[in-house]
$ cat start18.cif   # mmCIF, C-alpha atoms and all ligand atoms
data_work
#
loop_
_atom_site.label_atom_id
_atom_site.label_comp_id
_atom_site.auth_asym_id
_atom_site.auth_seq_id
_atom_site.Cartn_x
_atom_site.Cartn_y
_atom_site.Cartn_z
CA MET A 1 0.53 9.59 19.02
CA GLU A 2 0.02 10.68 15.41
CA LEU A 3 -3.22 12.00 13.95
CA TYR A 4 -4.50 11.41 10.42
CA VAL A 5 -7.44 13.47 9.15
CA HIS A 6 -9.21 12.31 5.99
CA ILE A 7 -10.87 14.78 3.61
CA PRO A 8 -12.70 12.62 1.04
CA PHE A 9 -13.46 15.24 -1.60
CA CYS A 10 -11.94 15.89 -5.02
CA GLU A 11 -12.93 18.19 -7.82
CA LYS A 12 -13.03 15.21 -10.19
CA LYS A 13 -11.94 11.60 -9.96
CA CYS A 14 -8.54 10.81 -11.53
CA ALA A 15 -8.51 7.89 -13.97
CA TYR A 16 -6.22 5.67 -11.86
CA CYS A 17 -7.55 6.49 -8.38
CA ASP A 18 -9.18 4.01 -6.03
CA PHE A 19 -8.81 6.15 -2.89
CA LEU A 20 -11.86 6.94 -0.82
CA SER A 21 -12.68 10.27 -2.48
CA ALA A 22 -15.36 11.78 -4.68
CA PRO A 23 -16.69 15.14 -5.83
CA ALA A 24 -19.21 16.71 -3.41
CA ASN A 25 -21.22 19.90 -3.29
CA GLU A 26 -20.66 22.73 -0.83
CA GLU A 27 -23.48 21.61 1.47
CA THR A 28 -22.06 18.08 1.79
CA GLN A 29 -18.61 19.52 2.53
CA ARG A 30 -20.09 21.75 5.23
CA ARG A 31 -21.91 18.83 6.88
CA TYR A 32 -18.81 16.64 6.66
CA VAL A 33 -16.62 19.24 8.36
CA GLY A 34 -19.21 19.57 11.13
CA ALA A 35 -19.12 15.79 11.63
CA LEU A 36 -15.33 15.75 11.58
CA LEU A 37 -15.17 18.43 14.29
CA ARG A 38 -17.45 16.28 16.47
CA GLU A 39 -15.27 13.23 15.98
CA ILE A 40 -12.09 15.15 16.84
CA ARG A 41 -13.79 16.56 19.96
CA PHE A 42 -14.95 13.08 20.97
CA TYR A 43 -11.43 11.62 20.92
CA GLY A 44 -10.00 14.65 22.70
CA GLU A 45 -12.43 13.94 25.55
CA GLN A 46 -11.99 10.15 25.49
CA PHE A 47 -8.21 10.23 25.58
CA GLU A 48 -8.13 13.34 27.81
CA ARG A 49 -6.38 15.64 25.37
CA PRO A 50 -3.59 13.30 24.29
CA ARG A 51 -0.20 14.43 23.07
CA LEU A 52 0.24 14.60 19.29
CA ASP A 53 3.66 14.41 17.68
CA SER A 54 2.41 14.90 14.14
CA VAL A 55 -0.72 15.65 12.16
CA TYR A 56 -1.35 14.64 8.55
CA ILE A 57 -4.35 15.97 6.66
CA GLY A 58 -4.81 13.86 3.55
CA GLY A 59 -7.45 12.77 1.09
CA GLY A 60 -8.92 13.29 -1.36
CA THR A 61 -7.96 16.89 -1.81
CA PRO A 62 -7.87 18.78 1.51
CA SER A 63 -7.02 22.03 -0.30
CA LEU A 64 -10.40 21.83 -2.04
CA LEU A 65 -12.17 22.81 1.21
CA LYS A 66 -12.96 26.44 1.94
CA LYS A 67 -10.15 27.96 3.98
CA GLU A 68 -12.59 28.66 6.84
CA TYR A 69 -13.28 24.91 7.12
CA MET A 70 -9.58 24.06 7.33
CA GLU A 71 -9.15 26.77 9.98
CA LEU A 72 -11.96 25.21 12.03
CA ILE A 73 -10.43 21.73 11.75
CA LEU A 74 -7.00 22.93 12.87
CA LYS A 75 -8.49 24.95 15.70
CA GLN A 76 -10.42 21.94 16.96
CA ILE A 77 -7.27 19.79 16.83
CA GLN A 78 -5.44 22.39 18.95
CA ILE A 79 -8.29 22.43 21.46
CA SER A 80 -8.78 18.66 21.69
CA PHE A 81 -5.15 17.50 21.53
CA ALA A 82 -1.86 18.63 23.04
CA VAL A 83 0.08 19.22 19.82
CA VAL A 84 3.75 19.25 20.84
CA TYR A 85 5.88 22.29 20.09
CA GLY A 86 7.50 21.82 16.66
CA ALA A 87 5.14 19.00 15.64
CA GLU A 88 5.07 18.25 11.92
CA VAL A 89 1.69 19.32 10.54
CA THR A 90 1.27 18.29 6.90
CA MET A 91 -1.53 19.00 4.49
CA GLU A 92 -1.93 17.52 1.02
CA CYS A 93 -2.57 20.13 -1.63
CA ASN A 94 -3.38 19.74 -5.29
CA PRO A 95 -2.32 22.38 -7.82
CA GLY A 96 -5.21 24.43 -9.02
CA THR A 97 -7.16 24.14 -5.76
CA ALA A 98 -5.15 26.46 -3.48
CA ASN A 99 -4.75 30.21 -3.92
CA ARG A 100 -2.58 32.72 -2.02
CA GLU A 101 -5.33 33.38 0.51
CA LYS A 102 -5.72 29.72 1.36
CA LEU A 103 -1.96 29.14 1.62
CA THR A 104 -1.57 32.13 3.94
CA SER A 105 -4.40 30.86 6.09
CA TYR A 106 -2.86 27.34 6.27
CA GLN A 107 0.38 28.90 7.48
CA LYS A 108 -1.38 30.93 10.15
CA SER A 109 -3.35 27.88 11.29
CA GLY A 110 -0.16 25.94 12.00
CA ILE A 111 0.33 23.82 8.87
CA ASN A 112 4.10 23.72 8.42
CA ARG A 113 4.51 21.10 5.69
CA LEU A 114 2.78 21.02 2.32
CA SER A 115 2.59 17.92 0.17
CA ILE A 116 1.84 18.87 -3.42
CA GLY A 117 0.48 16.22 -5.79
CA LEU A 118 2.24 17.01 -9.05
CA GLN A 119 2.58 13.43 -10.45
CA SER A 120 4.17 14.48 -13.76
CA VAL A 121 5.78 17.54 -15.36
CA TYR A 122 4.28 16.63 -18.76
CA ASP A 123 0.84 17.97 -19.52
CA TYR A 124 -0.02 15.03 -21.80
CA GLU A 125 0.69 12.63 -18.91
CA LEU A 126 -1.37 14.73 -16.52
CA GLN A 127 -4.23 14.61 -19.01
CA LEU A 128 -3.90 10.85 -19.37
CA LEU A 129 -4.02 10.50 -15.57
CA GLY A 130 -7.15 12.64 -15.51
CA ARG A 131 -5.57 15.26 -13.24
CA ILE A 132 -7.26 18.68 -13.08
CA HIS A 133 -4.02 20.68 -13.34
CA ASN A 134 -1.13 21.26 -15.73
CA PHE A 135 2.55 21.82 -14.95
CA ARG A 136 2.15 25.61 -14.98
CA ASP A 137 -0.54 25.36 -12.31
CA PHE A 138 1.88 23.35 -10.19
CA LEU A 139 4.68 25.91 -10.63
CA HIS A 140 2.30 28.65 -9.63
CA THR A 141 1.15 26.78 -6.48
CA TYR A 142 4.76 25.91 -5.59
CA GLU A 143 5.94 29.51 -5.94
CA MET A 144 3.00 30.85 -3.93
CA ALA A 145 3.68 28.27 -1.21
CA ARG A 146 7.29 29.49 -0.96
CA GLN A 147 6.20 33.13 -0.98
CA THR A 148 3.68 32.56 1.77
CA GLY A 149 6.42 31.02 3.91
CA PHE A 150 6.32 27.23 3.50
CA GLN A 151 9.82 25.93 4.18
CA ASN A 152 8.98 22.26 4.06
CA ILE A 153 7.41 21.05 0.81
CA ASN A 154 6.99 17.57 -0.61
CA VAL A 155 6.34 16.96 -4.29
CA ASP A 156 4.65 13.70 -5.34
CA LEU A 157 5.64 12.14 -8.65
CA MET A 158 4.46 8.96 -10.36
CA SER A 159 6.52 6.52 -12.36
CA ALA A 160 5.65 3.56 -14.57
CA LEU A 161 3.04 5.57 -16.48
CA PRO A 162 1.89 4.28 -19.88
CA HIS A 163 4.48 4.91 -22.62
CA GLN A 164 6.93 6.41 -20.12
CA THR A 165 10.61 6.06 -20.98
CA VAL A 166 13.59 6.29 -18.63
CA GLU A 167 14.82 9.44 -20.39
CA LYS A 168 11.46 11.22 -20.19
CA PHE A 169 10.96 10.37 -16.54
CA THR A 170 14.46 11.38 -15.45
CA ALA A 171 14.31 14.67 -17.38
CA GLY A 172 11.08 15.47 -15.50
CA LEU A 173 12.58 14.42 -12.19
CA GLU A 174 15.57 16.74 -12.70
CA ARG A 175 13.22 19.58 -13.49
CA VAL A 176 11.50 19.04 -10.13
CA ALA A 177 14.76 18.57 -8.20
CA ARG A 178 16.02 21.92 -9.55
CA LEU A 179 13.14 23.59 -7.71
CA LYS A 180 14.70 22.25 -4.48
CA PRO A 181 11.68 20.93 -2.59
CA GLU A 182 12.66 19.49 0.79
CA HIS A 183 11.12 16.13 -0.04
CA ILE A 184 10.26 14.13 -3.16
CA SER A 185 8.09 10.98 -3.26
CA VAL A 186 8.10 8.74 -6.31
CA TYR A 187 5.43 6.05 -6.37
CA SER A 188 4.83 3.60 -9.22
CA LEU A 189 1.42 3.67 -10.86
CA MET A 190 -0.73 0.78 -9.65
CA ILE A 191 -3.49 -0.49 -11.91
CA GLU A 192 -6.40 -0.83 -9.48
CA GLU A 193 -9.62 -2.68 -10.15
CA GLY A 194 -12.71 -0.53 -10.53
CA THR A 195 -10.84 2.41 -12.08
CA PRO A 196 -10.96 3.53 -15.75
CA PHE A 197 -7.25 2.65 -15.92
CA TYR A 198 -8.10 -0.93 -15.07
CA GLU A 199 -10.26 -1.15 -18.18
CA SER A 200 -7.40 0.11 -20.31
CA TYR A 201 -4.31 -1.44 -18.80
CA ALA A 202 -5.20 -4.51 -16.69
CA GLU A 203 -4.31 -6.92 -19.50
CA ASP A 204 -0.99 -5.18 -19.98
CA ALA A 205 -0.26 -5.27 -16.24
CA ARG A 206 -1.03 -9.02 -16.15
CA ARG A 207 1.24 -9.63 -19.11
CA ARG A 208 4.06 -7.74 -17.39
CA ALA A 209 3.56 -9.57 -14.08
CA ALA A 210 3.84 -12.87 -15.97
CA GLY A 211 7.23 -11.81 -17.37
CA GLY A 212 5.94 -10.78 -20.82
CA ILE A 213 6.49 -7.50 -22.66
CA PRO A 214 3.64 -5.04 -22.06
CA MET A 215 2.28 -2.98 -24.97
CA GLN A 216 1.67 0.34 -23.21
CA LEU A 217 3.03 0.16 -19.67
CA PRO A 218 6.80 0.29 -19.22
CA SER A 219 8.49 -3.10 -18.92
CA GLU A 220 9.86 -4.36 -15.59
CA GLU A 221 13.41 -3.51 -16.76
CA THR A 222 12.36 0.05 -17.58
CA GLU A 223 10.78 0.39 -14.14
CA LEU A 224 13.92 -0.94 -12.46
CA GLU A 225 16.09 1.43 -14.45
CA ILE A 226 13.80 4.35 -13.52
CA GLY A 227 14.23 3.36 -9.85
CA ARG A 228 18.03 3.15 -10.16
CA GLN A 229 18.35 6.47 -11.95
CA THR A 230 15.92 8.19 -9.59
CA ALA A 231 18.15 7.26 -6.63
CA GLU A 232 21.30 8.39 -8.49
CA ILE A 233 19.88 11.69 -9.71
CA LEU A 234 18.33 12.64 -6.39
CA ALA A 235 21.56 11.74 -4.55
CA SER A 236 23.42 14.11 -6.89
CA PHE A 237 20.94 16.84 -5.91
CA GLY A 238 21.64 16.18 -2.20
CA TYR A 239 18.59 14.06 -1.33
CA GLU A 240 18.80 11.11 1.02
CA HIS A 241 16.94 7.96 -0.01
CA TYR A 242 15.34 7.10 3.32
CA GLU A 243 12.49 4.84 2.22
CA VAL A 244 11.84 2.79 -0.94
CA SER A 245 9.76 5.58 -2.53
CA ASN A 246 10.85 8.62 -0.52
CA TYR A 247 13.74 11.06 -0.73
CA ALA A 248 14.50 14.03 1.53
CA ARG A 249 17.07 16.74 2.07
CA PRO A 250 19.02 16.08 5.30
CA GLY A 251 16.73 16.56 8.29
CA CYS A 252 13.57 16.75 6.16
CA ALA A 253 12.35 13.13 6.19
CA SER A 254 8.65 12.98 7.01
CA ARG A 255 8.29 12.32 10.74
CA HIS A 256 4.66 11.32 10.34
CA ASN A 257 5.48 8.69 7.73
CA ILE A 258 8.44 7.36 9.71
CA GLY A 259 6.09 6.89 12.68
CA TYR A 260 3.77 4.91 10.43
CA TRP A 261 6.59 2.72 9.11
CA ARG A 262 7.75 2.10 12.69
CA ARG A 263 4.21 1.04 13.62
CA GLU A 264 3.79 3.78 16.19
CA PRO A 265 0.18 4.32 17.31
CA TYR A 266 -1.93 6.62 15.20
CA LEU A 267 -5.49 7.83 15.34
CA GLY A 268 -7.40 8.35 12.10
CA VAL A 269 -10.47 10.58 11.93
CA GLY A 270 -12.82 11.09 9.02
CA LEU A 271 -14.50 8.86 6.46
CA GLY A 272 -12.90 5.41 6.27
CA ALA A 273 -9.92 6.53 8.37
CA ALA A 274 -7.89 3.77 10.02
CA SER A 275 -6.31 3.81 13.49
CA LEU A 276 -3.67 1.60 15.09
CA LEU A 277 -3.98 1.94 18.83
CA ARG A 278 -2.96 0.55 22.23
CA ARG A 279 0.42 -1.14 21.84
CA SER A 280 -0.13 -1.01 18.07
CA ASP A 281 -2.10 -4.23 18.27
CA VAL A 282 -5.67 -2.97 17.80
CA ARG A 283 -6.83 -1.70 14.44
CA TYR A 284 -9.99 0.26 13.72
CA SER A 285 -11.48 1.61 10.50
CA ASN A 286 -14.30 4.10 10.25
CA THR A 287 -17.29 3.47 8.05
CA THR A 288 -16.76 4.31 4.38
CA GLU A 289 -20.39 5.43 3.87
CA LEU A 290 -20.52 9.21 3.84
CA GLU A 291 -24.12 9.72 5.00
CA LYS A 292 -23.70 7.14 7.75
CA TYR A 293 -20.49 8.82 8.90
CA ILE A 294 -22.11 12.26 9.05
CA ARG A 295 -25.22 10.97 10.88
CA THR A 296 -23.30 8.82 13.35
CA CYS A 297 -21.01 11.71 14.31
CA GLU A 298 -24.05 13.47 15.76
CA ASN A 299 -24.07 10.89 18.51
CA ILE A 300 -20.79 9.00 18.79
CA LYS A 301 -21.04 6.20 21.31
CA LEU A 302 -18.47 4.00 22.93
CA LEU A 303 -19.35 0.29 22.69
CA GLN A 304 -17.70 -2.98 23.72
CA LYS A 305 -17.44 -6.28 21.91
CA GLU A 306 -15.93 -9.61 22.80
CA VAL A 307 -13.21 -10.72 20.39
CA SER A 308 -11.06 -13.83 20.27
CA LEU A 309 -7.36 -13.32 20.83
CA THR A 310 -6.60 -17.00 20.41
CA ARG A 311 -8.88 -20.02 20.21
CA ARG A 312 -9.26 -20.00 23.99
CA LYS A 313 -8.54 -16.41 25.01
CA LYS A 314 -11.19 -13.75 24.59
CA GLN A 315 -11.09 -10.08 25.48
CA MET A 316 -13.43 -7.11 25.50
CA LEU A 317 -12.53 -4.57 22.82
CA PRO A 318 -13.82 -0.99 22.99
CA TYR A 319 -14.95 0.58 19.73
CA THR A 320 -17.38 3.26 18.58
CA ASN A 321 -20.51 3.21 16.45
CA LEU A 322 -18.42 4.94 13.74
CA HIS A 323 -16.18 1.92 13.32
CA ALA A 324 -16.83 -0.61 10.57
CA VAL A 325 -13.76 -2.60 11.69
CA ALA A 326 -12.42 -3.15 15.23
CA GLU A 327 -9.99 -6.03 15.58
CA TYR A 328 -6.88 -7.29 17.28
CA VAL A 329 -3.95 -7.53 14.91
CA SER A 330 -2.63 -11.07 15.26
CA ARG A 331 0.92 -11.56 16.43
CA ARG A 332 1.77 -13.00 13.02
CA ALA A 333 0.38 -9.92 11.24
CA GLN A 334 2.26 -7.63 13.64
CA ILE A 335 5.54 -9.38 12.87
CA GLU A 336 4.92 -9.23 9.13
CA GLU A 337 4.01 -5.54 9.29
CA PHE A 338 7.08 -4.83 11.41
CA MET A 339 9.28 -6.36 8.69
CA PHE A 340 7.42 -5.01 5.63
CA LEU A 341 7.28 -1.46 6.90
CA GLY A 342 10.64 -1.41 8.70
CA LEU A 343 12.61 -2.83 5.78
CA ARG A 344 11.16 -0.24 3.41
CA MET A 345 13.25 2.32 5.30
CA THR A 346 16.98 2.51 4.55
CA GLU A 347 17.66 2.48 8.30
CA GLY A 348 16.09 -1.03 8.38
CA VAL A 349 15.10 -2.79 11.59
CA THR A 350 17.12 -3.72 14.66
CA ARG A 351 17.38 -7.14 16.26
CA ARG A 352 16.84 -5.44 19.58
CA SER A 353 13.53 -3.78 18.73
CA PHE A 354 12.28 -7.06 17.24
CA LYS A 355 13.18 -8.91 20.45
CA GLU A 356 11.64 -6.17 22.60
CA GLN A 357 8.37 -6.23 20.70
CA PHE A 358 7.94 -9.93 20.09
CA ASP A 359 10.03 -11.55 22.81
CA VAL A 360 11.83 -13.82 20.36
CA GLU A 361 15.03 -13.50 18.29
CA ILE A 362 14.46 -12.42 14.68
CA GLU A 363 16.62 -15.35 13.45
CA ALA A 364 14.28 -17.79 15.17
CA VAL A 365 11.31 -16.45 13.19
CA TYR A 366 13.03 -15.93 9.83
CA PRO A 367 16.00 -18.32 9.70
CA GLU A 368 15.73 -19.07 5.98
CA ALA A 369 14.71 -15.67 4.65
CA LEU A 370 17.54 -13.86 6.45
CA HIS A 371 20.13 -16.38 5.30
CA THR A 372 19.00 -16.67 1.66
CA LEU A 373 18.45 -12.94 1.09
CA SER A 374 21.87 -12.14 2.61
CA GLU A 375 23.50 -14.74 0.34
CA GLN A 376 21.75 -13.13 -2.63
CA GLY A 377 23.16 -9.74 -1.66
CA LEU A 378 19.70 -8.27 -1.07
CA LEU A 379 19.91 -7.95 2.71
CA GLU A 380 22.67 -6.65 4.94
CA MET A 381 23.04 -7.69 8.59
CA ARG A 382 25.56 -5.76 10.62
CA ALA A 383 25.89 -4.58 14.22
CA GLY A 384 22.37 -5.63 15.14
CA ILE A 385 20.82 -3.80 12.16
CA ILE A 386 19.07 -5.59 9.32
CA LYS A 387 18.43 -3.58 6.17
CA LEU A 388 18.01 -3.87 2.44
CA THR A 389 21.04 -3.35 0.22
CA GLU A 390 20.75 -1.01 -2.75
CA ARG A 391 19.87 -3.98 -4.94
CA GLY A 392 17.40 -5.14 -2.28
CA MET A 393 15.69 -1.72 -2.42
CA GLU A 394 15.32 -2.03 -6.20
CA LEU A 395 13.76 -5.48 -5.79
CA SER A 396 11.87 -4.62 -2.60
CA ASN A 397 8.63 -6.35 -3.64
CA TYR A 398 10.42 -9.65 -4.14
CA VAL A 399 12.46 -9.28 -0.93
CA LEU A 400 9.53 -8.34 1.29
CA ALA A 401 7.44 -11.27 0.02
CA ASN A 402 9.98 -13.51 1.79
CA PHE A 403 8.80 -12.18 5.16
CA LEU A 404 5.27 -13.54 4.89
CA LEU A 405 4.70 -16.15 7.60
CA ASP A 406 2.78 -19.36 6.94
CA THR A 407 1.63 -20.08 10.46
CA ASP A 408 1.05 -18.13 13.66
CA GLY A 409 4.63 -17.43 14.82
S1 LIG B 501 -6.71 14.03 -6.57
FE1 LIG B 501 -5.86 12.24 -5.52
S2 LIG B 501 -7.51 11.42 -4.26
FE2 LIG B 501 -8.43 12.86 -5.72
S3 LIG B 501 -9.10 11.57 -7.41
FE3 LIG B 501 -7.05 12.31 -7.93
S4 LIG B 501 -5.63 10.73 -7.14
FE4 LIG B 501 -7.65 10.38 -6.20
#

$ encode --input "start18.cif" --output "structure tokens"
Amino acid sequence: MELYVHIPFCEKKCAYCDFLSAPANEETQRRYVGALLREIRFYGEQFERPRLDSVYIGGGTPSLLKKEYMELILKQIQISFAVVYGAEVTMECNPGTANREKLTSYQKSGINRLSIGLQSVYDYELQLLGRIHNFRDFLHTYEMARQTGFQNINVDLMSALPHQTVEKFTAGLERVARLKPEHISVYSLMIEEGTPFYESYAEDARRRAAGGIPMQLPSEETELEIGRQTAEILASFGYEHYEVSNYARPGCASRHNIGYWRREPYLGVGLGAASLLRRSDVRYSNTTELEKYIRTCENIKLLQKEVSLTRRKKQMLPYTNLHAVAEYVSRRAQIEEFMFLGLRMTEGVTRRSFKEQFDVEIEAVYPEALHTLSEQGLLEMRAGIIKLTERGMELSNYVLANFLLDTDG
């Protein structure tokens, strides 16, 4: 099993961010960590100290917490779970929030992979995004992380920023690649409702989606060209493109993320954290209300509710008073997720694993999509493996939309 730990605090909200995170004072952080420790302990007891293959501490900004709090969280995980030898333990870290002391303490506590949210090498872009750091802060954090012994570092970058050109983006990407992090993620900016960016760019995003030329955001062609050149440049620096948005040096792909894309079971703890449990067919989500989360953790209870599997079949589903959502994932949704997540990886999906999981041949579920996308040169089917071609990766949104199912399959 994999464990995700959510730390919902940030120094200040970025202009594009719709994640579950907000600034909080020291007292709230202290109470939250106390609640989190109780939740971790609860699951350790419920599942009788289950085996963990990876841990991912994300947010928010986990590196904002006092180092003593992070030490307590990691200690509780070690007590409540059987973390396997060599497990990948990642923590997200934002430049400007971690000092040498904190990084040394993370190392000692067992964190062996750091994911640094850089987003851009240009200070004017960082300002536009509302980030709290500049590029120098990042370089400082990166160097300190190396000096304190981190041998597995991811750097997050964002593309499709307002006024971004292919040349500017690729020059920044090369600058990062020259630092030789083990892993680089490049995600496109999404304009999310409810954010300051939505106010400024929603009209532009709509215009682009309708095939028009946006005024401030890069055009679709520019985005495609950024994607193509990112893959080329990172290949020339020795990175493997192992997922639509992720690149790694050989042997450094994120095991935690691969588990997620393969729909392996994971447990999420913390505010709003989601879990996929049992045979990856039951999904839970914790409450997103901070005060409720903290109060409920003082007395976590196991409950039962009757849910419908089909129109006639019902089953009792265990859940806790922390959960806002507890539901069976329909067979149709499981199949769609299997395809969406699996095809995002360059290794693709196998006919065999599809048959094993769903007891039906993949061709019987997707006869048209497989045929048409192969004809269009977007999908490759060979030796029982189905994967996106290079062109298919570039147009992944279009390709994956073909795997939506109309009816319960
Ligand atoms: S640091 Fe990350 S989680 Fe926090 S506000 Fe910025 S984008 Fe959101």

$ residues_near_ligand --input "start18.cif" --ligand "ligand LIG 501 (chain B)" --cutoff "10 Å" --atoms "all atoms listed in the file" --output "number ranges by chain"
A: 7-23, 58-62, 64, 92-95, 117-119, 129-133

$ atom_distance --input "start18.cif" --atom1 "atom CA of A:Gln216" --atom2 "atom CA of A:Pro162"
5.2 Å

$ closest_residue --input "start18.cif" --among "A:Leu341, A:Ala82, A:Val399, A:Ile386" --to "A:Glu45" --atoms "all atoms listed in the file"
A:Ala82

$ axis_aligned_box --input "start18.cif" --around "stretch 65-82 of chain A" --padding-each-side "8 Å" --output "JSON"
{"center_x": -7.6, "center_y": 23.1, "center_z": 12.1, "size_x": 27.4, "size_y": 27.2, "size_z": 37.8}

$ atom_distance --input "start18.cif" --atom1 "atom CA of A:Lys305" --atom2 "atom CA of A:Arg279"
18.6 Å

$ atom_distance --input "start18.cif" --atom1 "atom CA of A:Asn134" --atom2 "atom CA of A:Asn257"
27.4 Å

$ build_atoms --input "start18.cif" --residues "stretch 248-267 of chain A" --atoms "N, CA and C atoms" --output "mmCIF file, in the frame of the given file"
data_model
loop_
_atom_site.group_PDB
_atom_site.id
_atom_site.type_symbol
_atom_site.label_atom_id
_atom_site.label_comp_id
_atom_site.auth_asym_id
_atom_site.auth_seq_id
_atom_site.Cartn_x
_atom_site.Cartn_y
_atom_site.Cartn_z
ATOM 1 N N ALA A 248 14.615 12.755 0.796
ATOM 2 C CA ALA A 248 14.500 14.030 1.530
ATOM 3 C C ALA A 248 15.857 14.690 1.651
ATOM 4 N N ARG A 249 15.843 16.014 1.731
ATOM 5 C CA ARG A 249 17.070 16.740 2.070
ATOM 6 C C ARG A 249 17.388 16.398 3.519
ATOM 7 N N PRO A 250 18.672 16.471 3.924
ATOM 8 C CA PRO A 250 19.020 16.080 5.300
ATOM 9 C C PRO A 250 18.139 16.792 6.325
ATOM 10 N N GLY A 251 17.565 16.002 7.220
ATOM 11 C CA GLY A 251 16.730 16.560 8.290
ATOM 12 C C GLY A 251 15.281 16.781 7.888
ATOM 13 N N CYS A 252 14.935 16.449 6.632
ATOM 14 C CA CYS A 252 13.570 16.750 6.160
ATOM 15 C C CYS A 252 12.728 15.499 5.882
ATOM 16 N N ALA A 253 13.171 14.338 6.360
ATOM 17 C CA ALA A 253 12.350 13.130 6.190
ATOM 18 C C ALA A 253 11.027 13.352 6.917
ATOM 19 N N SER A 254 9.956 12.747 6.405
ATOM 20 C CA SER A 254 8.650 12.980 7.010
ATOM 21 C C SER A 254 8.528 12.220 8.331
ATOM 22 N N ARG A 255 8.375 12.976 9.418
ATOM 23 C CA ARG A 255 8.290 12.320 10.740
ATOM 24 C C ARG A 255 7.006 11.522 10.863
ATOM 25 N N HIS A 256 5.937 12.029 10.268
ATOM 26 C CA HIS A 256 4.660 11.320 10.340
ATOM 27 C C HIS A 256 4.776 9.957 9.650
ATOM 28 N N ASN A 257 5.360 9.954 8.457
ATOM 29 C CA ASN A 257 5.480 8.690 7.730
ATOM 30 C C ASN A 257 6.430 7.723 8.429
ATOM 31 N N ILE A 258 7.496 8.247 9.000
ATOM 32 C CA ILE A 258 8.440 7.360 9.710
ATOM 33 C C ILE A 258 7.715 6.701 10.886
ATOM 34 N N GLY A 259 6.877 7.465 11.569
ATOM 35 C CA GLY A 259 6.090 6.890 12.680
ATOM 36 C C GLY A 259 5.216 5.756 12.177
ATOM 37 N N TYR A 260 4.619 5.947 11.017
ATOM 38 C CA TYR A 260 3.770 4.910 10.430
ATOM 39 C C TYR A 260 4.595 3.666 10.090
ATOM 40 N N TRP A 261 5.755 3.869 9.492
ATOM 41 C CA TRP A 261 6.590 2.720 9.110
ATOM 42 C C TRP A 261 7.168 2.018 10.342
ATOM 43 N N ARG A 262 7.267 2.744 11.447
ATOM 44 C CA ARG A 262 7.750 2.100 12.690
ATOM 45 C C ARG A 262 6.601 1.518 13.501
ATOM 46 N N ARG A 263 5.425 1.552 12.969
ATOM 47 C CA ARG A 263 4.210 1.040 13.620
ATOM 48 C C ARG A 263 3.938 1.733 14.945
ATOM 49 N N GLU A 264 4.154 3.039 14.985
ATOM 50 C CA GLU A 264 3.790 3.780 16.190
ATOM 51 C C GLU A 264 2.282 4.036 16.153
ATOM 52 N N PRO A 265 1.640 4.173 17.310
ATOM 53 C CA PRO A 265 0.180 4.320 17.310
ATOM 54 C C PRO A 265 -0.277 5.583 16.583
ATOM 55 N N TYR A 266 -1.345 5.441 15.846
ATOM 56 C CA TYR A 266 -1.930 6.620 15.200
ATOM 57 C C TYR A 266 -3.448 6.536 15.280
ATOM 58 N N LEU A 267 -4.036 7.724 15.311
ATOM 59 C CA LEU A 267 -5.490 7.830 15.340
ATOM 60 C C LEU A 267 -5.924 8.432 14.017
#
